[in-house]
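Next comes structure01.cif, a file with mmCIF, C-alpha atoms and all ligand atoms.
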data_query
loop_
_atom_site.label_atom_id
_atom_site.label_comp_id
_atom_site.auth_asym_id
_atom_site.auth_seq_id
_atom_site.Cartn_x
_atom_site.Cartn_y
_atom_site.Cartn_z
CA MET A 1 29.85 -10.92 37.63
CA ALA A 2 27.68 -11.64 34.61
CA SER A 3 28.69 -14.58 32.46
CA ARG A 4 29.55 -13.97 28.83
CA LYS A 5 26.22 -15.53 27.84
CA GLU A 6 24.27 -13.19 30.12
CA PHE A 7 26.29 -10.26 28.88
CA ILE A 8 25.41 -11.09 25.28
CA ALA A 9 21.74 -11.51 26.24
CA GLN A 10 21.77 -8.15 28.03
CA SER A 11 23.46 -6.45 25.10
CA ALA A 12 20.90 -7.91 22.72
CA CYS A 13 18.12 -6.58 24.95
CA MET A 14 19.72 -3.16 25.07
CA MET A 15 20.11 -3.17 21.29
CA ALA A 16 16.48 -4.20 20.84
CA GLY A 17 15.48 -1.43 23.24
CA TYR A 18 17.59 1.01 21.28
CA PHE A 19 15.93 0.07 18.00
CA VAL A 20 12.46 0.41 19.55
CA PHE A 21 13.49 3.81 20.86
CA ALA A 22 14.97 4.83 17.49
CA LYS A 23 11.86 3.70 15.66
CA MET A 24 9.53 5.62 17.98
CA HIS A 25 11.53 8.78 17.62
CA LEU A 26 12.57 8.68 14.00
CA HIS A 27 9.06 7.76 12.88
CA ASN A 28 10.34 6.03 9.78
CA SER A 29 8.84 2.62 9.64
CA ASN A 30 6.84 0.11 7.77
CA GLN A 31 4.31 0.21 10.58
CA VAL A 32 0.88 1.67 11.08
CA MET A 33 -0.58 3.01 14.31
CA THR A 34 -3.86 1.27 15.12
CA VAL A 35 -6.24 1.91 18.03
CA ASN A 36 -4.40 -1.01 19.63
CA GLY A 37 -0.90 0.31 18.96
CA TRP A 38 1.83 -0.37 16.40
CA MET A 39 1.30 -3.02 13.73
CA ASN A 40 3.35 -4.04 10.70
CA ALA A 41 1.79 -2.44 7.62
CA ASP A 42 2.05 -5.72 5.71
CA LYS A 43 -0.40 -7.24 8.20
CA MET A 44 -3.17 -4.80 7.22
CA GLY A 45 -4.65 -7.13 4.62
CA PHE A 46 -7.72 -6.00 2.69
CA THR A 47 -8.28 -2.40 3.78
CA LEU A 48 -11.19 0.02 3.49
CA THR A 49 -9.50 3.41 3.66
CA HIS A 50 -12.42 5.75 4.30
CA GLU A 51 -15.40 4.73 6.47
CA HIS A 52 -17.33 5.96 9.51
CA VAL A 53 -18.86 4.43 12.65
CA LEU A 54 -20.36 7.40 14.47
CA VAL A 55 -21.11 10.90 13.19
CA ASP A 56 -22.65 13.87 14.97
CA PHE A 57 -23.35 16.91 12.80
CA ALA A 58 -24.35 19.15 15.75
CA GLY A 59 -21.38 21.48 15.21
CA ALA A 60 -18.17 22.14 17.14
CA ASP A 61 -19.91 24.36 19.70
CA LYS A 62 -22.62 21.79 20.57
CA ILE A 63 -20.97 18.39 20.22
CA ASP A 64 -20.72 16.32 23.38
CA PRO A 65 -20.42 12.56 24.04
CA SER A 66 -23.46 12.84 26.33
CA ARG A 67 -25.58 13.28 23.16
CA TYR A 68 -25.43 9.52 22.43
CA ASP A 69 -25.43 6.17 24.15
CA ALA A 70 -22.11 4.53 23.32
CA GLU A 71 -23.57 1.10 24.16
CA GLU A 72 -26.31 1.53 21.58
CA VAL A 73 -23.77 2.67 18.98
CA PHE A 74 -21.61 -0.35 19.79
CA ARG A 75 -24.56 -2.75 19.38
CA THR A 76 -25.57 -1.08 16.10
CA ALA A 77 -22.11 -0.90 14.53
CA LEU A 78 -20.76 -4.32 15.50
CA PRO A 79 -22.92 -6.43 13.12
CA LYS A 80 -21.94 -4.17 10.19
CA LEU A 81 -18.25 -4.55 11.02
CA LEU A 82 -18.59 -8.32 11.46
CA SER A 83 -20.40 -8.52 8.13
CA VAL A 84 -17.63 -6.79 6.17
CA LYS A 85 -14.99 -8.80 8.02
CA GLU A 86 -16.80 -11.94 6.88
CA LYS A 87 -16.45 -10.67 3.29
CA GLY A 88 -12.67 -10.38 3.68
CA CYS A 89 -11.97 -6.91 5.06
CA LYS A 90 -9.23 -6.88 7.66
CA THR A 91 -8.45 -3.20 8.28
CA PHE A 92 -10.91 -0.35 8.60
CA ILE A 93 -9.81 3.29 8.51
CA GLU A 94 -12.27 5.35 10.55
CA CYS A 95 -12.27 8.89 9.20
CA THR A 96 -14.53 10.75 11.61
CA PRO A 97 -12.55 13.69 12.93
CA ASN A 98 -12.60 15.38 16.30
CA TYR A 99 -15.70 17.63 16.72
CA ILE A 100 -17.77 15.41 14.36
CA GLY A 101 -18.03 12.40 16.64
CA ARG A 102 -14.60 10.78 16.91
CA ASP A 103 -14.91 8.33 19.82
CA VAL A 104 -11.66 6.42 20.14
CA LYS A 105 -12.67 4.27 23.11
CA LEU A 106 -15.70 3.07 21.16
CA LEU A 107 -13.46 2.28 18.17
CA LYS A 108 -11.06 0.29 20.34
CA ARG A 109 -13.93 -1.73 21.79
CA LEU A 110 -15.29 -2.37 18.30
CA SER A 111 -11.85 -3.39 17.07
CA GLU A 112 -11.49 -5.90 19.89
CA ALA A 113 -15.03 -7.25 19.51
CA SER A 114 -14.96 -7.51 15.69
CA GLY A 115 -11.34 -8.54 15.17
CA LEU A 116 -10.95 -5.76 12.59
CA THR A 117 -7.87 -3.56 12.75
CA ILE A 118 -9.08 0.04 13.13
CA LEU A 119 -7.19 3.30 12.71
CA THR A 120 -8.36 6.67 14.04
CA ASN A 121 -7.11 10.19 13.41
CA THR A 122 -6.05 13.59 14.68
CA GLY A 123 -6.63 16.97 13.02
CA TYR A 124 -9.53 19.34 12.30
CA TYR A 125 -12.12 19.40 9.55
CA GLY A 126 -12.59 22.82 7.96
CA ALA A 127 -15.04 21.84 5.19
CA ALA A 128 -18.85 22.34 5.34
CA GLY A 129 -18.48 26.07 5.89
CA GLU A 130 -16.17 25.48 8.88
CA LYS A 131 -19.07 24.39 11.11
CA TYR A 132 -16.85 21.77 12.74
CA LEU A 133 -13.91 24.00 13.62
CA PRO A 134 -13.61 24.86 17.32
CA ALA A 135 -13.23 28.56 18.23
CA HIS A 136 -9.51 28.18 18.95
CA ALA A 137 -8.93 27.19 15.30
CA TYR A 138 -9.41 30.90 14.49
CA THR A 139 -7.26 32.37 17.25
CA GLU A 140 -4.31 29.98 17.19
CA THR A 141 -1.51 29.78 14.62
CA ALA A 142 -0.84 26.74 12.43
CA GLU A 143 2.06 25.88 14.75
CA GLN A 144 -0.20 26.00 17.82
CA LEU A 145 -2.84 23.80 16.17
CA ALA A 146 -0.17 21.35 15.06
CA LYS A 147 1.14 21.25 18.64
CA ARG A 148 -2.27 20.00 19.83
CA TRP A 149 -2.32 17.25 17.17
CA ILE A 150 1.28 16.25 17.83
CA ALA A 151 0.38 15.99 21.54
CA GLU A 152 -2.37 13.49 20.61
CA TRP A 153 0.26 11.47 18.74
CA GLU A 154 2.72 11.58 21.59
CA ASN A 155 0.36 11.15 24.56
CA GLY A 156 -2.74 9.53 23.09
CA ILE A 157 -6.18 11.05 22.56
CA ASP A 158 -8.11 12.51 25.53
CA GLY A 159 -6.22 10.48 28.14
CA SER A 160 -7.19 7.16 26.49
CA GLY A 161 -3.65 6.20 25.48
CA ILE A 162 -5.08 5.54 21.99
CA ARG A 163 -2.94 7.20 19.31
CA PRO A 164 -3.99 8.54 15.91
CA GLY A 165 -3.01 6.56 12.79
CA PHE A 166 -3.28 9.51 10.39
CA ILE A 167 -4.22 13.19 10.15
CA LYS A 168 -7.75 13.99 8.94
CA SER A 169 -8.64 17.41 7.71
CA GLY A 170 -11.18 18.96 5.35
CA VAL A 171 -11.62 21.93 3.03
CA ASP A 172 -14.35 23.09 0.64
CA ASN A 173 -13.97 24.18 -2.99
CA TYR A 174 -11.20 26.43 -4.20
CA PRO A 175 -10.24 29.03 -3.10
CA LEU A 176 -9.49 27.89 0.43
CA SER A 177 -10.47 30.27 3.25
CA ALA A 178 -7.80 31.65 5.58
CA ALA A 179 -8.75 29.13 8.28
CA GLN A 180 -8.70 26.24 5.79
CA LYS A 181 -5.24 27.23 4.52
CA LYS A 182 -4.03 27.41 8.10
CA ILE A 183 -5.25 23.94 9.01
CA VAL A 184 -3.65 22.49 5.86
CA GLU A 185 -0.40 24.13 6.97
CA ALA A 186 -0.92 22.60 10.41
CA THR A 187 -1.30 19.14 8.83
CA ALA A 188 2.08 19.62 7.12
CA ILE A 189 3.78 20.67 10.36
CA THR A 190 2.21 17.69 12.15
CA HIS A 191 3.33 15.31 9.40
CA LEU A 192 6.96 16.43 9.66
CA ALA A 193 6.90 15.90 13.44
CA THR A 194 5.07 12.55 13.43
CA GLY A 195 5.22 10.83 10.03
CA LEU A 196 1.42 10.53 10.04
CA THR A 197 -0.19 10.60 6.59
CA ILE A 198 -2.41 13.58 5.78
CA GLY A 199 -5.94 12.83 4.49
CA ILE A 200 -7.93 15.89 3.39
CA HIS A 201 -11.63 15.90 2.54
CA THR A 202 -11.58 18.11 -0.54
CA GLY A 203 -14.27 20.06 -2.39
CA ASN A 204 -12.85 20.07 -5.93
CA GLY A 205 -9.70 19.51 -7.97
CA GLN A 206 -8.49 23.09 -7.75
CA ALA A 207 -8.72 22.86 -3.95
CA ALA A 208 -6.68 19.64 -4.10
CA MET A 209 -3.99 21.40 -6.12
CA GLU A 210 -3.91 24.21 -3.54
CA GLU A 211 -3.48 21.65 -0.73
CA LEU A 212 -0.57 20.12 -2.60
CA ARG A 213 1.06 23.55 -3.04
CA ILE A 214 0.69 24.33 0.67
CA ILE A 215 2.08 21.06 2.00
CA GLN A 216 4.95 21.12 -0.48
CA SER A 217 5.78 24.72 0.48
CA LYS A 218 6.20 23.40 4.04
CA GLY A 219 8.55 20.68 2.81
CA VAL A 220 6.15 17.71 2.73
CA ALA A 221 6.22 15.28 -0.20
CA PRO A 222 2.94 14.55 -2.08
CA GLN A 223 3.40 10.86 -1.09
CA ALA A 224 2.22 11.86 2.42
CA TRP A 225 -1.09 13.27 1.16
CA ILE A 226 -4.44 11.62 0.39
CA TRP A 227 -6.90 13.54 -1.77
CA ILE A 228 -10.15 12.41 -0.13
CA HIS A 229 -13.28 12.54 -2.33
CA ALA A 230 -11.34 12.86 -5.58
CA GLN A 231 -14.53 11.70 -7.33
CA ASN A 232 -15.94 15.21 -6.69
CA GLU A 233 -13.63 16.33 -9.50
CA THR A 234 -14.80 15.07 -12.89
CA ASN A 235 -11.78 16.39 -14.81
CA ARG A 236 -9.58 13.32 -14.94
CA ASP A 237 -6.50 15.32 -15.86
CA VAL A 238 -6.47 16.62 -12.29
CA HIS A 239 -6.61 13.07 -10.83
CA MET A 240 -3.70 12.14 -13.05
CA ARG A 241 -1.73 15.26 -12.15
CA ALA A 242 -2.12 14.52 -8.43
CA ALA A 243 -1.16 10.86 -8.87
CA LYS A 244 1.82 11.64 -11.10
CA ALA A 245 3.05 14.06 -8.44
CA GLY A 246 2.97 11.10 -6.00
CA GLY A 247 -0.26 11.92 -4.15
CA TRP A 248 -2.93 9.36 -3.22
CA VAL A 249 -6.17 9.75 -5.17
CA SER A 250 -9.10 8.41 -3.16
CA PHE A 251 -12.37 7.45 -4.89
CA ASP A 252 -14.38 6.87 -1.76
CA ASN A 253 -18.10 7.16 -2.47
CA ILE A 254 -18.75 3.61 -3.62
CA ASN A 255 -22.41 2.65 -3.45
CA ASN A 256 -24.85 0.88 -5.78
CA ASP A 257 -25.36 4.03 -7.87
CA SER A 258 -21.72 5.05 -8.19
CA VAL A 259 -20.19 1.73 -9.28
CA PRO A 260 -20.28 2.67 -13.02
CA SER A 261 -18.63 6.08 -12.51
CA CYS A 262 -16.04 4.54 -10.19
CA LEU A 263 -15.24 1.90 -12.82
CA SER A 264 -14.77 4.66 -15.35
CA PHE A 265 -12.35 6.57 -13.05
CA LEU A 266 -10.47 3.33 -12.42
CA LYS A 267 -10.17 2.47 -16.13
CA ASN A 268 -8.75 5.92 -16.74
CA MET A 269 -6.16 5.50 -13.99
CA LYS A 270 -5.30 1.99 -15.15
CA ASP A 271 -4.79 3.17 -18.74
CA ALA A 272 -2.43 5.83 -17.40
CA SER A 273 -0.56 3.19 -15.31
CA LEU A 274 -1.53 5.07 -12.14
CA LEU A 275 -3.46 2.42 -10.21
CA ASP A 276 -0.58 2.32 -7.75
CA GLN A 277 -1.68 5.76 -6.46
CA VAL A 278 -5.41 5.02 -6.04
CA LEU A 279 -7.41 4.26 -2.89
CA LEU A 280 -11.02 2.99 -2.83
CA SER A 281 -13.69 3.03 -0.13
CA HIS A 282 -17.41 3.59 0.57
CA ASP A 283 -17.50 6.55 2.99
CA SER A 284 -20.26 4.46 4.50
CA GLY A 285 -21.80 3.84 7.92
CA TRP A 286 -22.88 5.35 10.27
CA TYR A 287 -24.71 5.79 13.51
CA HIS A 288 -26.15 9.28 13.12
CA VAL A 289 -26.41 11.03 16.48
CA GLY A 290 -29.74 12.82 16.83
CA GLU A 291 -31.73 10.26 14.84
CA SER A 292 -33.78 7.51 16.48
CA GLN A 293 -31.54 4.41 16.96
CA GLY A 294 -28.90 6.22 14.91
CA GLY A 295 -31.04 6.33 11.75
CA ASN A 296 -30.16 4.39 8.63
CA TYR A 297 -26.77 2.73 9.14
CA ASN A 298 -25.50 1.61 5.71
CA ASP A 299 -23.23 -1.41 5.49
CA TYR A 300 -19.68 -1.59 4.11
CA ASN A 301 -20.27 -4.41 1.64
CA THR A 302 -20.75 -2.79 -1.79
CA ILE A 303 -17.09 -3.03 -2.78
CA PHE A 304 -17.23 -6.80 -2.17
CA ASP A 305 -20.73 -7.40 -3.53
CA LYS A 306 -20.78 -5.03 -6.52
CA LEU A 307 -17.55 -3.22 -7.34
CA ILE A 308 -15.10 -6.12 -7.33
CA PRO A 309 -17.33 -8.37 -9.51
CA ALA A 310 -17.81 -5.42 -11.91
CA MET A 311 -14.06 -4.80 -11.97
CA LYS A 312 -13.39 -8.45 -12.83
CA GLU A 313 -15.93 -8.29 -15.66
CA ASN A 314 -14.15 -5.21 -16.97
CA GLY A 315 -10.67 -6.66 -17.20
CA PHE A 316 -9.19 -5.78 -13.81
CA THR A 317 -6.89 -8.54 -12.65
CA GLU A 318 -6.17 -10.13 -9.26
CA LYS A 319 -2.94 -8.15 -9.31
CA ASP A 320 -4.88 -4.89 -9.71
CA LEU A 321 -7.10 -5.83 -6.76
CA GLN A 322 -4.04 -6.65 -4.64
CA GLN A 323 -2.57 -3.29 -5.56
CA LEU A 324 -5.72 -1.31 -4.76
CA PHE A 325 -6.91 -3.01 -1.59
CA PHE A 326 -3.73 -4.39 -0.01
CA ILE A 327 -0.55 -2.70 -1.23
CA ASN A 328 -1.69 0.90 -1.70
CA PRO A 329 -3.35 1.28 1.74
CA SER A 330 -0.30 -0.14 3.51
CA ARG A 331 2.05 2.16 1.59
CA ALA A 332 -0.20 5.19 2.06
CA LEU A 333 -0.69 4.75 5.81
CA ALA A 334 2.70 3.49 7.03
CA VAL A 335 3.99 6.04 9.51
CA SER A 336 6.98 7.69 7.90
CA VAL A 337 8.17 11.26 7.40
CA ARG A 338 8.03 11.99 3.68
CA LYS A 339 9.97 15.13 2.85
CA LYS A 340 9.84 16.95 -0.44
ZN ZN B 401 -16.15 10.56 5.16
#
As structure tokens, what does this structure read like?
Amino acid sequence: MASRKEFIAQSACMMAGYFVFAKMHLHNSNQVMTVNGWMNADKMGFTLTHEHVLVDFAGADKIDPSRYDAEEVFRTALPKLLSVKEKGCKTFIECTPNYIGRDVKLLKRLSEASGLTILTNTGYYGAAGEKYLPAHAYTETAEQLAKRWIAEWENGIDGSGIRPGFIKSGVDNYPLSAAQKKIVEATAITHLATGLTIGIHTGNGQAAMEELRIIQSKGVAPQAWIWIHAQNETNRDVHMRAAKAGGWVSFDNINNDSVPSCLSFLKNMKDASLLDQVLLSHDSGWYHVGESQGGNYNDYNTIFDKLIPAMKENGFTEKDLQQLFFINPSRALAVSVRKK
């Protein structure tokens, strides 16, 4: 017969097991899903929310991992990741979707070798004239597409055991095509089943507003949605409308040339007390499949080297930087079902 002490220990274990089970199945947490599994969102640290390691623009009908040497990509990407880690980055959100070069095993290796936390994604990208949508995206319903993405969440991606940390999709300018509307619907269905945040590459502000309408019509709260490439829209009223609704407005094209326009977007959002809905990143990288040695692989350092110093000169405080690079990414990406 078990002693009272053992009984208490066993009960505690069972309770702990129950809470793990509950957390996995309720999907409401303050945790993010990395290529190495669950992690507390408050451990993310300084986060770049939109970057790339490997991209292949061959098209959904031609793409194949045999088109590149993963070892060469690893050797090319690692110094760039180590360099930005040295600058203070701790978490790196890799936004390359399936059919454009998502390679989750490569990302896991790079995460382990660099010490950076990396998140990958599920979902389909319908922008760029739908060149990266597989044929079944046209024949299947939103529910059927969502089922495929939910399966990646539940079982891991392509037998790797590596699970997506968010949903990545893409649409062009307004009006959305039938296929684009359907994949946005599929992101909403997937969100409700998984709690994964929805990031959508977006042509313009009107398209962003249409995305918001679609996900809300499916019962998803704007808090679960990231408007990727919000800088494409120059009408700041639309940024503010999205942020006031609770959506995440991502200015993610930061490079030497765009620092002044980014500063101007940021000042506008700060004046409207909306910095707590903004995400910033470079959309940089990447090893370009099809080019010799991967072509010109840009680094991820401009935010550290140029933007942050410029922000400080323009009156942005340490608290603003904490909000933008630490707090917002962890709130945006924590796995949690957000219902309207
Ligand atoms: Zn991108």
Please give the centre and size of the box around range 311-317 of chain A (axis-aligned, containing every atom listed in the file, 5 Å added per side), with values in Å to one decimal and written as lines of an AutoDock Vina configuration file.
center_x = -11.4
center_y = -6.7
center_z = -14.6
size_x = 19.0
size_y = 13.7
size_z = 15.2
Which residues of chain A come within 8 Å of ligand ZN 401 (chain B), and what is each one's closest atom pair and distance in Å (one decimal), counting only C-alpha atoms and all ligand atoms, sorted by chain and residue number, as JSON lines?
{"residue": "A:His50", "atom": "CA", "partner": "B:ZN401", "partner_atom": "ZN", "distance": 6.1}
{"residue": "A:Glu51", "atom": "CA", "partner": "B:ZN401", "partner_atom": "ZN", "distance": 6.0}
{"residue": "A:His52", "atom": "CA", "partner": "B:ZN401", "partner_atom": "ZN", "distance": 6.4}
{"residue": "A:Cys95", "atom": "CA", "partner": "B:ZN401", "partner_atom": "ZN", "distance": 5.8}
{"residue": "A:Thr96", "atom": "CA", "partner": "B:ZN401", "partner_atom": "ZN", "distance": 6.7}
{"residue": "A:His201", "atom": "CA", "partner": "B:ZN401", "partner_atom": "ZN", "distance": 7.5}
{"residue": "A:Asp283", "atom": "CA", "partner": "B:ZN401", "partner_atom": "ZN", "distance": 4.8}
{"residue": "A:Ser284", "atom": "CA", "partner": "B:ZN401", "partner_atom": "ZN", "distance": 7.4}
Might you pull out every residue within 12 Å of Arg236 in chain A, with only C-alpha atoms counted and same-chain residues fewer than 2 positions away left off, and present them as an mmCIF file with C-alpha atoms, in the frame of the given file?
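So the final result, stored in selection-v8.cif, reads:
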data_model
loop_
_atom_site.group_PDB
_atom_site.id
_atom_site.type_symbol
_atom_site.label_atom_id
_atom_site.label_comp_id
_atom_site.auth_asym_id
_atom_site.auth_seq_id
_atom_site.Cartn_x
_atom_site.Cartn_y
_atom_site.Cartn_z
ATOM 1 C CA ASN A 204 -12.850 20.070 -5.930
ATOM 2 C CA GLY A 205 -9.700 19.510 -7.970
ATOM 3 C CA ALA A 230 -11.340 12.860 -5.580
ATOM 4 C CA GLN A 231 -14.530 11.700 -7.330
ATOM 5 C CA ASN A 232 -15.940 15.210 -6.690
ATOM 6 C CA GLU A 233 -13.630 16.330 -9.500
ATOM 7 C CA THR A 234 -14.800 15.070 -12.890
ATOM 8 C CA VAL A 238 -6.470 16.620 -12.290
ATOM 9 C CA HIS A 239 -6.610 13.070 -10.830
ATOM 10 C CA MET A 240 -3.700 12.140 -13.050
ATOM 11 C CA ARG A 241 -1.730 15.260 -12.150
ATOM 12 C CA ALA A 242 -2.120 14.520 -8.430
ATOM 13 C CA ALA A 243 -1.160 10.860 -8.870
ATOM 14 C CA VAL A 249 -6.170 9.750 -5.170
ATOM 15 C CA PHE A 251 -12.370 7.450 -4.890
ATOM 16 C CA SER A 261 -18.630 6.080 -12.510
ATOM 17 C CA CYS A 262 -16.040 4.540 -10.190
ATOM 18 C CA SER A 264 -14.770 4.660 -15.350
ATOM 19 C CA PHE A 265 -12.350 6.570 -13.050
ATOM 20 C CA LEU A 266 -10.470 3.330 -12.420
ATOM 21 C CA LYS A 267 -10.170 2.470 -16.130
ATOM 22 C CA ASN A 268 -8.750 5.920 -16.740
ATOM 23 C CA MET A 269 -6.160 5.500 -13.990
ATOM 24 C CA ASP A 271 -4.790 3.170 -18.740
ATOM 25 C CA ALA A 272 -2.430 5.830 -17.400
ATOM 26 C CA LEU A 274 -1.530 5.070 -12.140
#
Option closest in space to Thr120 in chain A, from A:Ile93, A:Ala208, A:Val184, A:Ile189 [counting all atoms listed in the file]: A:Ile93
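Between Ile254 in chain A and the candidates A:Met33, A:Tyr174, A:Leu48, A:Val84, the tightest atom-to-atom separation, counting all atoms listed in the file, involves A:Leu48.
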Residue among A:Ile303, A:Ile157, A:Ala224, A:Ile63 lying closest to Val259 in chain A, counting only C-alpha atoms: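 Among the listed residues, A:Ile303 lies closest to Val259 in chain A.
Counting all atoms listed in the file, the residue from A:Ser258, A:Asn173, A:Gln293, A:Ser273 that sits nearest to Thr76 in chain A is A:Gln293.
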Neighbour residues at most 12 Å from (0.3, 20.9, 15.0) (all atoms listed in the file) as a short mmCIF file (atom, residue, chain, number, x, y, z; two decimals) with C-alpha atoms, in the frame of the given file:
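Dumped to result-v4.cif:
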data_model
loop_
_atom_site.label_atom_id
_atom_site.label_comp_id
_atom_site.auth_asym_id
_atom_site.auth_seq_id
_atom_site.Cartn_x
_atom_site.Cartn_y
_atom_site.Cartn_z
CA THR A 122 -6.05 13.59 14.68
CA GLY A 123 -6.63 16.97 13.02
CA TYR A 124 -9.53 19.34 12.30
CA ALA A 137 -8.93 27.19 15.30
CA GLU A 140 -4.31 29.98 17.19
CA THR A 141 -1.51 29.78 14.62
CA ALA A 142 -0.84 26.74 12.43
CA GLU A 143 2.06 25.88 14.75
CA GLN A 144 -0.20 26.00 17.82
CA LEU A 145 -2.84 23.80 16.17
CA ALA A 146 -0.17 21.35 15.06
CA LYS A 147 1.14 21.25 18.64
CA ARG A 148 -2.27 20.00 19.83
CA TRP A 149 -2.32 17.25 17.17
CA ILE A 150 1.28 16.25 17.83
CA ALA A 151 0.38 15.99 21.54
CA GLU A 152 -2.37 13.49 20.61
CA TRP A 153 0.26 11.47 18.74
CA GLU A 154 2.72 11.58 21.59
CA ILE A 167 -4.22 13.19 10.15
CA LYS A 182 -4.03 27.41 8.10
CA ILE A 183 -5.25 23.94 9.01
CA VAL A 184 -3.65 22.49 5.86
CA GLU A 185 -0.40 24.13 6.97
CA ALA A 186 -0.92 22.60 10.41
CA THR A 187 -1.30 19.14 8.83
CA ALA A 188 2.08 19.62 7.12
CA ILE A 189 3.78 20.67 10.36
CA THR A 190 2.21 17.69 12.15
CA HIS A 191 3.33 15.31 9.40
CA LEU A 192 6.96 16.43 9.66
CA ALA A 193 6.90 15.90 13.44
CA THR A 194 5.07 12.55 13.43
CA LEU A 196 1.42 10.53 10.04
#
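Here CA of Tyr300 in chain A stands at a distance of 21.2 Å from CA of Phe316 in chain A.
With distances taken over all atoms listed in the file, A:Ser250 is the one residue among A:Asn296, A:Pro164, A:Asp103, A:Ser250 lying closest to Leu324 in chain A.
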Separation of CA of Gly199 in chain A from CA of Val73 in chain A, in Å and rounded to one decimal: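 Interatomic distance here is 25.1 Å.
Straight-line separation from CA of Ala41 in chain A to CA of Arg331 in chain A: 7.6 Å.
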Top pick for closest residue to Ile228 in chain A, considering A:Thr34, A:Gln277, A:Ser169, A:Thr302 and counting only C-alpha atoms: A:Ser169
